file protein_18.txt (compact mmCIF, C-alpha atoms)
# COMPACT_ATOMS: atom_id res chain seq x y z
CA MET A 594 0.00 0.00 0.00
CA SER A 595 2.71 2.48 0.98
CA LYS A 596 4.43 1.67 -2.30
CA LYS A 597 1.33 2.76 -4.11
CA ILE A 598 1.23 6.01 -2.19
CA ILE A 599 4.87 6.70 -2.97
CA LEU A 600 4.26 5.98 -6.62
CA ALA A 601 1.15 8.14 -6.70
CA ALA A 602 3.12 10.99 -5.10
CA PHE A 603 5.87 10.41 -7.63
CA VAL A 604 3.51 10.52 -10.57
CA GLY A 605 1.80 13.57 -9.10
CA LEU A 606 5.11 15.36 -8.62
CA MET A 607 6.10 14.38 -12.13
CA LEU A 608 2.97 15.96 -13.50
CA VAL A 609 3.45 19.17 -11.58
CA VAL A 610 7.16 19.69 -12.11
CA THR A 611 7.26 18.65 -15.70
CA PRO A 612 8.68 21.38 -17.85
CA GLY A 613 7.97 19.51 -21.04
CA ALA A 614 9.76 19.81 -24.24
CA SER A 615 11.54 22.62 -25.86
CA HIS A 616 12.35 22.84 -29.50
CA GLY A 617 10.67 20.12 -31.28
CA MET A 618 7.43 19.79 -32.72
CA HIS A 619 4.50 21.53 -31.24
CA ILE A 620 2.63 24.28 -32.98
CA MET A 621 3.53 27.47 -31.15
CA GLU A 622 1.22 29.66 -29.12
CA GLY A 623 -0.83 31.90 -31.39
CA PHE A 624 0.22 30.13 -34.57
CA MET A 625 -3.16 28.74 -35.47
CA PRO A 626 -6.02 30.97 -36.59
CA LEU A 627 -8.89 31.15 -34.09
CA GLY A 628 -11.25 29.03 -36.21
CA HIS A 629 -8.67 26.26 -36.56
CA SER A 630 -7.86 26.40 -32.85
CA LEU A 631 -11.51 25.91 -32.00
CA PHE A 632 -11.93 23.17 -34.60
CA TRP A 633 -9.03 21.07 -33.30
CA GLY A 634 -10.12 21.67 -29.74
CA ALA A 635 -13.60 20.40 -30.56
CA VAL A 636 -12.19 17.36 -32.36
CA SER A 637 -9.79 16.48 -29.54
CA LEU A 638 -12.05 16.97 -26.55
CA PRO A 639 -14.17 13.80 -27.01
CA PHE A 640 -10.98 11.72 -27.22
CA LEU A 641 -9.88 13.16 -23.90
CA VAL A 642 -13.19 12.26 -22.26
CA VAL A 643 -13.13 8.71 -23.64
CA GLY A 644 -9.48 8.52 -22.57
CA ILE A 645 -10.18 9.45 -18.97
CA LEU A 646 -12.88 6.77 -18.78
CA SER A 647 -10.60 4.19 -20.39
CA LEU A 648 -7.75 5.00 -18.02
CA LYS A 649 -10.05 4.80 -15.02
CA ARG A 650 -11.21 1.38 -16.16
CA SER A 651 -7.64 0.18 -16.62
CA LEU A 652 -6.67 1.37 -13.15
CA LYS A 653 -9.66 -0.42 -11.65
CA GLU A 654 -9.21 -3.69 -13.54
CA ASP A 655 -5.53 -4.28 -13.04
CA ARG A 656 -3.77 -3.66 -9.77
CA ASN A 657 -0.49 -3.26 -11.62
CA ALA A 658 -1.88 -0.57 -13.89
CA LYS A 659 -0.51 2.22 -11.68
CA LEU A 660 2.95 0.78 -12.04
CA TYR A 661 2.66 0.65 -15.80
CA LEU A 662 1.27 4.17 -15.80
CA GLY A 663 4.35 5.34 -13.87
CA LEU A 664 6.53 3.59 -16.40
CA ALA A 665 4.71 4.87 -19.49
CA GLY A 666 4.51 8.39 -18.01
CA GLY A 667 8.20 8.35 -17.08
CA PHE A 668 9.04 7.22 -20.58
CA VAL A 669 7.15 10.14 -22.13
CA PHE A 670 8.96 12.55 -19.78
CA VAL A 671 12.39 11.27 -20.66
CA MET A 672 11.76 10.99 -24.38
CA SER A 673 10.14 14.38 -24.82
CA ALA A 674 13.07 16.10 -23.12
CA LEU A 675 15.69 14.61 -25.41
CA LYS A 676 16.29 17.11 -28.16
CA ILE A 677 18.18 15.21 -30.77
CA PRO A 678 20.02 16.59 -33.80
CA SER A 679 18.82 15.39 -37.17
CA VAL A 680 20.14 15.21 -40.71
CA THR A 681 18.25 18.36 -41.66
CA GLY A 682 20.47 20.43 -39.36
CA SER A 683 17.72 21.11 -36.85
CA CYS A 684 16.64 19.40 -33.66
CA SER A 685 13.47 17.69 -32.60
CA HIS A 686 12.50 15.17 -29.97
CA PRO A 687 10.73 11.83 -29.78
CA THR A 688 7.25 11.73 -28.28
CA GLY A 689 7.40 8.61 -26.14
CA VAL A 690 3.66 8.04 -26.44
CA GLY A 691 4.00 4.78 -28.40
CA LEU A 692 4.79 2.75 -25.29
CA SER A 693 1.74 4.09 -23.51
CA ALA A 694 -0.46 3.40 -26.55
CA ILE A 695 0.73 -0.21 -26.63
CA ILE A 696 0.22 -0.75 -22.90
CA PHE A 697 -2.94 1.28 -22.25
CA GLY A 698 -4.46 1.74 -25.68
CA PRO A 699 -4.76 4.92 -27.74
CA PHE A 700 -7.44 6.70 -25.70
CA ALA A 701 -5.81 6.48 -22.29
CA THR A 702 -2.67 7.76 -23.99
CA THR A 703 -4.55 10.90 -24.97
CA VAL A 704 -4.70 11.72 -21.24
CA VAL A 705 -0.97 11.13 -20.71
CA GLY A 706 -0.04 13.15 -23.79
CA THR A 707 -2.39 16.01 -22.95
CA ILE A 708 -0.96 16.41 -19.46
CA VAL A 709 2.53 16.68 -20.92
CA LEU A 710 1.37 19.16 -23.56
CA VAL A 711 -0.38 21.39 -21.03
CA PHE A 712 2.66 21.68 -18.83
CA GLN A 713 4.94 22.22 -21.78
CA ALA A 714 2.75 25.07 -22.86
CA ILE A 715 2.59 26.64 -19.41
CA LEU A 716 6.10 26.10 -18.06
CA LEU A 717 8.33 26.07 -21.09
CA ALA A 718 6.52 28.23 -23.62
CA HIS A 719 6.48 25.32 -26.07
CA GLY A 720 3.32 24.56 -27.85
CA GLY A 721 0.57 26.69 -26.43
CA ILE A 722 -2.85 26.87 -24.86
CA THR A 723 -4.46 28.25 -28.04
CA THR A 724 -2.83 25.47 -30.09
CA LEU A 725 -3.44 22.74 -27.49
CA GLY A 726 -6.29 21.11 -29.44
CA ALA A 727 -4.19 20.84 -32.60
CA ASN A 728 -1.17 19.53 -30.73
CA MET A 729 -3.31 17.06 -28.82
CA PHE A 730 -4.68 15.74 -32.07
CA SER A 731 -1.25 15.10 -33.57
CA MET A 732 0.71 13.83 -30.56
CA ALA A 733 -1.89 12.46 -28.18
CA ILE A 734 -4.50 11.10 -30.61
CA ALA A 735 -3.25 10.45 -34.17
CA GLY A 736 0.21 9.17 -33.19
CA PRO A 737 -1.04 6.79 -30.48
CA LEU A 738 -3.84 5.54 -32.78
CA VAL A 739 -1.27 4.61 -35.43
CA SER A 740 1.02 2.98 -32.85
CA TYR A 741 -1.84 0.98 -31.44
CA GLY A 742 -3.16 0.01 -34.89
CA VAL A 743 0.25 -1.19 -36.06
CA PHE A 744 0.72 -3.07 -32.79
CA LYS A 745 -2.61 -4.86 -33.15
CA LEU A 746 -2.36 -5.60 -36.88
CA LEU A 747 1.22 -6.86 -36.94
CA GLY A 748 0.74 -8.58 -33.61
CA LYS A 749 -1.99 -10.69 -35.15
CA ALA A 750 0.08 -11.31 -38.27
CA GLY A 751 2.63 -13.14 -36.15
CA VAL A 752 5.54 -10.78 -36.73
CA ARG A 753 8.20 -10.96 -34.01
CA LYS A 754 7.21 -8.86 -31.02
CA THR A 755 10.34 -6.73 -30.96
CA TYR A 756 9.83 -5.65 -34.57
CA VAL A 757 6.14 -5.02 -33.97
CA ILE A 758 6.92 -2.66 -31.08
CA PHE A 759 9.68 -0.97 -33.04
CA LEU A 760 7.40 -0.31 -36.01
CA ALA A 761 4.44 0.73 -33.87
CA ALA A 762 6.45 3.36 -31.98
CA SER A 763 8.37 4.61 -35.03
CA LEU A 764 5.35 4.95 -37.29
CA GLY A 765 3.30 6.60 -34.55
CA ASN A 766 6.08 9.11 -34.01
CA LEU A 767 6.40 9.84 -37.72
CA PHE A 768 2.67 10.14 -38.20
CA THR A 769 2.45 12.70 -35.40
CA TYR A 770 4.64 15.04 -37.40
CA VAL A 771 2.88 14.33 -40.67
CA VAL A 772 -0.33 15.45 -38.97
CA THR A 773 1.39 18.57 -37.60
CA ALA A 774 2.59 19.44 -41.12
CA PHE A 775 -0.93 18.90 -42.46
CA GLN A 776 -2.48 21.08 -39.75
CA LEU A 777 -0.08 23.93 -40.47
CA ALA A 778 -0.50 23.65 -44.24
CA TRP A 779 -4.26 23.68 -43.86
CA ALA A 780 -4.11 26.76 -41.64
CA PHE A 781 -1.44 28.58 -43.64
CA PRO A 782 -1.70 27.77 -47.34
CA GLY A 783 -0.60 31.32 -48.18
CA GLY A 784 2.60 30.62 -50.13
CA PRO A 785 2.88 30.52 -53.92
CA GLY A 786 2.37 26.74 -53.95
CA GLY A 787 -0.95 26.98 -52.08
CA PHE A 788 -1.88 24.09 -49.82
CA GLY A 789 0.37 21.58 -51.61
CA GLY A 790 3.38 23.85 -51.49
CA ALA A 791 2.82 24.63 -47.82
CA LEU A 792 2.37 20.95 -47.04
CA ALA A 793 5.66 20.10 -48.76
CA LYS A 794 7.38 22.88 -46.85
CA PHE A 795 6.09 21.84 -43.43
CA MET A 796 6.71 18.18 -44.21
CA SER A 797 10.32 18.99 -44.99
CA ILE A 798 10.62 20.84 -41.69
CA PHE A 799 8.91 18.30 -39.45
CA ALA A 800 8.65 14.89 -41.05
CA VAL A 801 12.10 14.67 -42.59
CA THR A 802 13.77 15.88 -39.40
CA GLN A 803 11.82 13.27 -37.56
CA ILE A 804 12.90 10.17 -39.50
CA PRO A 805 16.08 9.40 -37.53
CA LEU A 806 14.27 10.28 -34.32
CA ALA A 807 11.45 7.91 -35.16
CA ILE A 808 14.02 5.13 -35.49
CA ILE A 809 15.51 6.02 -32.10
CA GLU A 810 12.07 6.11 -30.51
CA GLY A 811 11.27 2.71 -32.01
CA ILE A 812 14.46 1.15 -30.68
CA LEU A 813 14.08 2.56 -27.16
CA THR A 814 10.41 1.62 -26.96
CA ALA A 815 11.18 -1.94 -28.03
CA MET A 816 13.97 -2.14 -25.46
CA VAL A 817 11.86 -0.91 -22.57
CA TYR A 818 8.96 -3.13 -23.62
CA SER A 819 11.11 -6.25 -23.77
CA MET A 820 12.52 -5.47 -20.32
CA VAL A 821 9.01 -5.03 -18.95
CA MET A 822 7.88 -8.31 -20.46
CA GLU A 823 10.84 -10.07 -18.95
CA TYR A 824 10.02 -8.85 -15.45
CA VAL A 825 6.30 -9.07 -15.62
CA SER A 826 4.87 -11.84 -13.48
CA SER A 827 2.16 -13.89 -15.13
CA GLU A 828 -0.71 -12.32 -13.17
CA GLY A 829 0.28 -8.85 -14.29
CA VAL A 830 0.13 -9.50 -17.99
CA THR A 831 -3.57 -8.89 -18.59
CA ILE A 832 -3.33 -5.22 -19.33
CA LEU A 833 -0.39 -5.77 -21.64
CA THR A 834 -2.14 -8.32 -23.75
CA ASN A 835 -5.78 -7.39 -24.03
CA LYS A 836 -6.29 -3.71 -23.35
CA ALA A 837 -8.10 -1.64 -25.90
CA MET B 503 19.69 -12.47 -20.14
CA LYS B 504 23.29 -12.14 -21.18
CA PHE B 505 22.26 -12.26 -24.81
CA LEU B 506 19.70 -9.56 -24.19
CA ALA B 507 22.29 -7.37 -22.52
CA ASN B 508 24.59 -7.75 -25.50
CA LYS B 509 21.83 -6.99 -27.94
CA ASN B 510 20.90 -3.90 -25.94
CA THR B 511 24.50 -2.71 -26.00
CA LEU B 512 24.47 -3.03 -29.77
CA VAL B 513 21.26 -1.07 -30.25
CA ILE B 514 22.46 1.64 -27.88
CA LEU B 515 25.56 1.97 -30.03
CA LEU B 516 23.28 2.23 -33.04
CA ILE B 517 21.39 5.09 -31.36
CA VAL B 518 24.65 6.91 -30.61
CA LEU B 519 25.57 6.50 -34.27
CA ILE B 520 22.23 7.92 -35.44
CA VAL B 521 22.70 10.94 -33.16
CA LEU B 522 26.32 11.56 -34.17
CA THR B 523 25.83 11.24 -37.92
CA PRO B 524 24.00 14.58 -38.41
CA LEU B 525 26.55 16.35 -36.21
CA LEU B 526 29.37 15.11 -38.43
CA MET B 527 27.51 15.48 -41.71
CA ASN B 528 26.17 18.99 -41.14
CA ARG B 529 28.92 20.76 -39.30
CA GLY B 530 27.81 24.26 -40.16
CA ALA B 531 24.18 23.74 -39.22
CA GLU B 532 22.54 25.60 -36.35
CA PHE B 533 20.60 22.66 -34.92
CA GLY B 534 17.81 24.92 -33.75
CA GLY B 535 14.31 23.64 -33.11
CA ALA B 536 12.09 22.43 -35.92
CA ASP B 537 9.22 24.40 -34.36
CA GLY B 538 11.13 27.64 -34.75
CA GLU B 539 11.67 26.85 -38.42
CA ALA B 540 7.98 26.20 -38.86
CA GLN B 541 7.26 29.56 -37.27
CA GLU B 542 9.55 31.25 -39.78
CA ALA B 543 7.95 29.35 -42.65
CA VAL B 544 4.47 30.45 -41.56
CA LEU B 545 5.49 34.10 -41.46
CA GLU B 546 7.38 33.82 -44.74
CA MET B 547 4.45 32.33 -46.61
CA ASN B 548 1.85 34.49 -44.84
CA PRO B 549 3.53 37.83 -44.18
CA GLY B 550 0.28 39.34 -42.95
CA TYR B 551 -0.27 36.81 -40.15
CA GLU B 552 -0.19 38.17 -36.64
CA PRO B 553 0.16 35.55 -33.91
CA TRP B 554 -2.81 36.35 -31.71
CA ALA B 555 -1.54 34.85 -28.47
CA GLU B 556 1.74 34.91 -26.57
CA PRO B 557 3.13 32.35 -24.13
CA LEU B 558 2.16 33.28 -20.59
CA TRP B 559 5.64 32.60 -19.25
CA GLU B 560 9.00 31.75 -20.75
CA PRO B 561 12.10 30.41 -19.02
CA PRO B 562 14.26 33.51 -18.43
CA SER B 563 17.41 31.96 -19.87
CA GLY B 564 18.83 28.94 -21.65
CA GLU B 565 20.30 27.83 -18.33
CA ILE B 566 16.93 27.83 -16.59
CA GLU B 567 15.47 26.00 -19.53
CA SER B 568 18.11 23.28 -19.40
CA LEU B 569 17.64 23.05 -15.63
CA LEU B 570 13.97 22.29 -16.19
CA PHE B 571 14.85 19.74 -18.82
CA SER B 572 17.33 17.98 -16.57
CA VAL B 573 14.74 17.84 -13.82
CA GLN B 574 12.25 16.39 -16.29
CA VAL B 575 14.62 13.64 -17.39
CA ALA B 576 15.70 12.88 -13.83
CA ILE B 577 12.10 12.41 -12.72
CA GLY B 578 11.18 10.32 -15.75
CA ALA B 579 14.25 8.12 -15.46
CA GLY B 580 13.69 7.76 -11.70
CA ALA B 581 10.13 6.60 -12.28
CA ILE B 582 11.21 4.08 -14.90
CA GLY B 583 13.97 2.73 -12.65
CA TYR B 584 11.65 2.48 -9.68
CA VAL B 585 8.96 0.62 -11.62
CA MET B 586 11.48 -1.74 -13.20
CA GLY B 587 12.90 -2.49 -9.75
CA VAL B 588 9.48 -3.18 -8.27
CA MET B 589 8.60 -5.47 -11.17
CA LYS B 590 11.85 -7.37 -10.96
CA GLU B 591 11.43 -7.96 -7.24
CA ARG B 592 7.80 -8.97 -7.66
CA LYS B 593 8.79 -11.54 -10.22
CA LYS B 594 11.51 -12.87 -7.93
CA ILE B 595 9.03 -13.19 -5.07
CA ALA B 596 6.42 -14.81 -7.31
CA SER B 597 8.85 -17.38 -8.66
CA ASN B 598 10.07 -18.42 -5.20
call {"tool": "encode", "arguments": {"input": "protein_18.txt", "output": "structure tokens"}}
result
Amino acid sequence: MSKKIILAAFVGLMLVVTPGASHGMHIMEGFMPLGHSLFWGAVSLPFLVVGILSLKRSLKEDRNAKLYLGLAGGFVFVMSALKIPSVTGSCSHPTGVGLSAIIFGPFATTVVGTIVLVFQAILLAHGGITTLGANMFSMAIAGPLVSYGVFKLLGKAGVRKTYVIFLAASLGNLFTYVVTAFQLAWAFPGGPGGFGGALAKFMSIFAVTQIPLAIIEGILTAMVYSMVMEYVSSEGVTILTNKA
Amino acid sequence: MKFLANKNTLVILLIVLIVLTPLLMNRGAEFGGADGEAQEAVLEMNPGYEPWAEPLWEPPSGEIESLLFSVQVAIGAGAIGYVMGVMKERKKIASN
């Protein structure tokens, strides 16, 4: 019991102190027209509600869920603070949400990702409150959905687990930035190339930079996952094998 | 277990390689944030756009910012280590 309290305090502290990520990925405060901000907020909100319910259910069903939540949360914290240089000559960071999507499912991950995004916006001036809905959609909804989908599909196809996890996390990471590029191009198609030109431009900024980082995220996620699976005692496996 | 440890060492080396390659390939590059570049691109393509909101608070210096980052990583890594330790012990107890 006391372990649980310590862990809860730890997770709580983590959530409060988290400075979140600098230079990386998020759409900056004010850089989304009002209509788009409201649109993405409206799209993302239902996912957050479903996510809170899903997370609550997970925590109720599996007594080890808090432990996994600490692990998945810790992983997001570490990963989103690692600004890594890329071939394009700029820096970005992994998201870390793939692990959470695999363990808890895509909707519960929306909650984890949103908490990180909020604190990044408030404490580190990265991302923003006005762009929160858009950033939630890319990092806490679209990315985790892809990770989870890849995990489920390839898992059923009988591909080796390590490769499944690697691909799930990498593709989820990459897709997050593809969505970000799309969101910006949609909001700012003002250049000579119109929407297509803007999309190409933002893709080159975000998605290309992200390729090596997606590989790193995939490798680290697969490593942590295989360690977890090695330590997990048989009664604790439920959430890792059947959670939606 | 030993095999796993070796394999992990190899993939960690691979990660180091992926991180070092851009630094060696692009020596003159600034390695600024991709978000800052996106900001520039937005303003370049839409010169009339006025950002309509400002961050409420920004870290006063690069040092403060890196302090916050270090704290973030320390907490995250601590949580991961703690959970791994608990799980390892639980498995040991369960298998005895």
call {"tool": "atom_distance", "arguments": {"input": "protein_18.txt", "atom1": "atom CA of B:Glu556", "atom2": "atom CA of A:Glu622"}}
result
5.9 Å
call {"tool": "atom_distance", "arguments": {"input": "protein_18.txt", "atom1": "atom CA of A:Ala793", "atom2": "atom CA of A:Val709"}}
result
28.2 Å
call {"tool": "closest_residue", "arguments": {"input": "protein_18.txt", "among": "B:Phe533, B:Lys590, B:Leu515, B:Leu545", "to": "A:Ala791", "atoms": "all atoms listed in the file"}}
result
B:Leu545
call {"tool": "closest_residue", "arguments": {"input": "protein_18.txt", "among": "A:Val642, A:Val711, A:Ile677, A:Val669", "to": "B:Gly535", "atoms": "all atoms listed in the file"}}
result
A:Ile677
call {"tool": "atom_distance", "arguments": {"input": "protein_18.txt", "atom1": "atom CA of A:Thr802", "atom2": "atom CA of A:Val690"}}
result
18.2 Å
call {"tool": "residues_around", "arguments": {"input": "protein_18.txt", "residues": "A:Gly789", "least_positions_apart": "6", "cutoff": "12 Å", "atoms": "all atoms listed in the file", "output": "NGL selection string"}}
result
:A and (774-775 or 777-779 or 781-783 or 795-796)
call {"tool": "interface_residues", "arguments": {"input": "protein_18.txt", "of": "chain B", "to": "chain A", "cutoff": "7 Å", "atoms": "only C-alpha atoms", "output": "count of residues only"}}
result
40
call {"tool": "axis_aligned_box", "arguments": {"input": "protein_18.txt", "around": "stretch 513-529 of chain B", "padding_each_side": "8 Å", "output": "JSON"}}
result
{"center_x": 25.3, "center_y": 9.8, "center_z": -34.8, "size_x": 24.1, "size_y": 37.8, "size_z": 29.8}
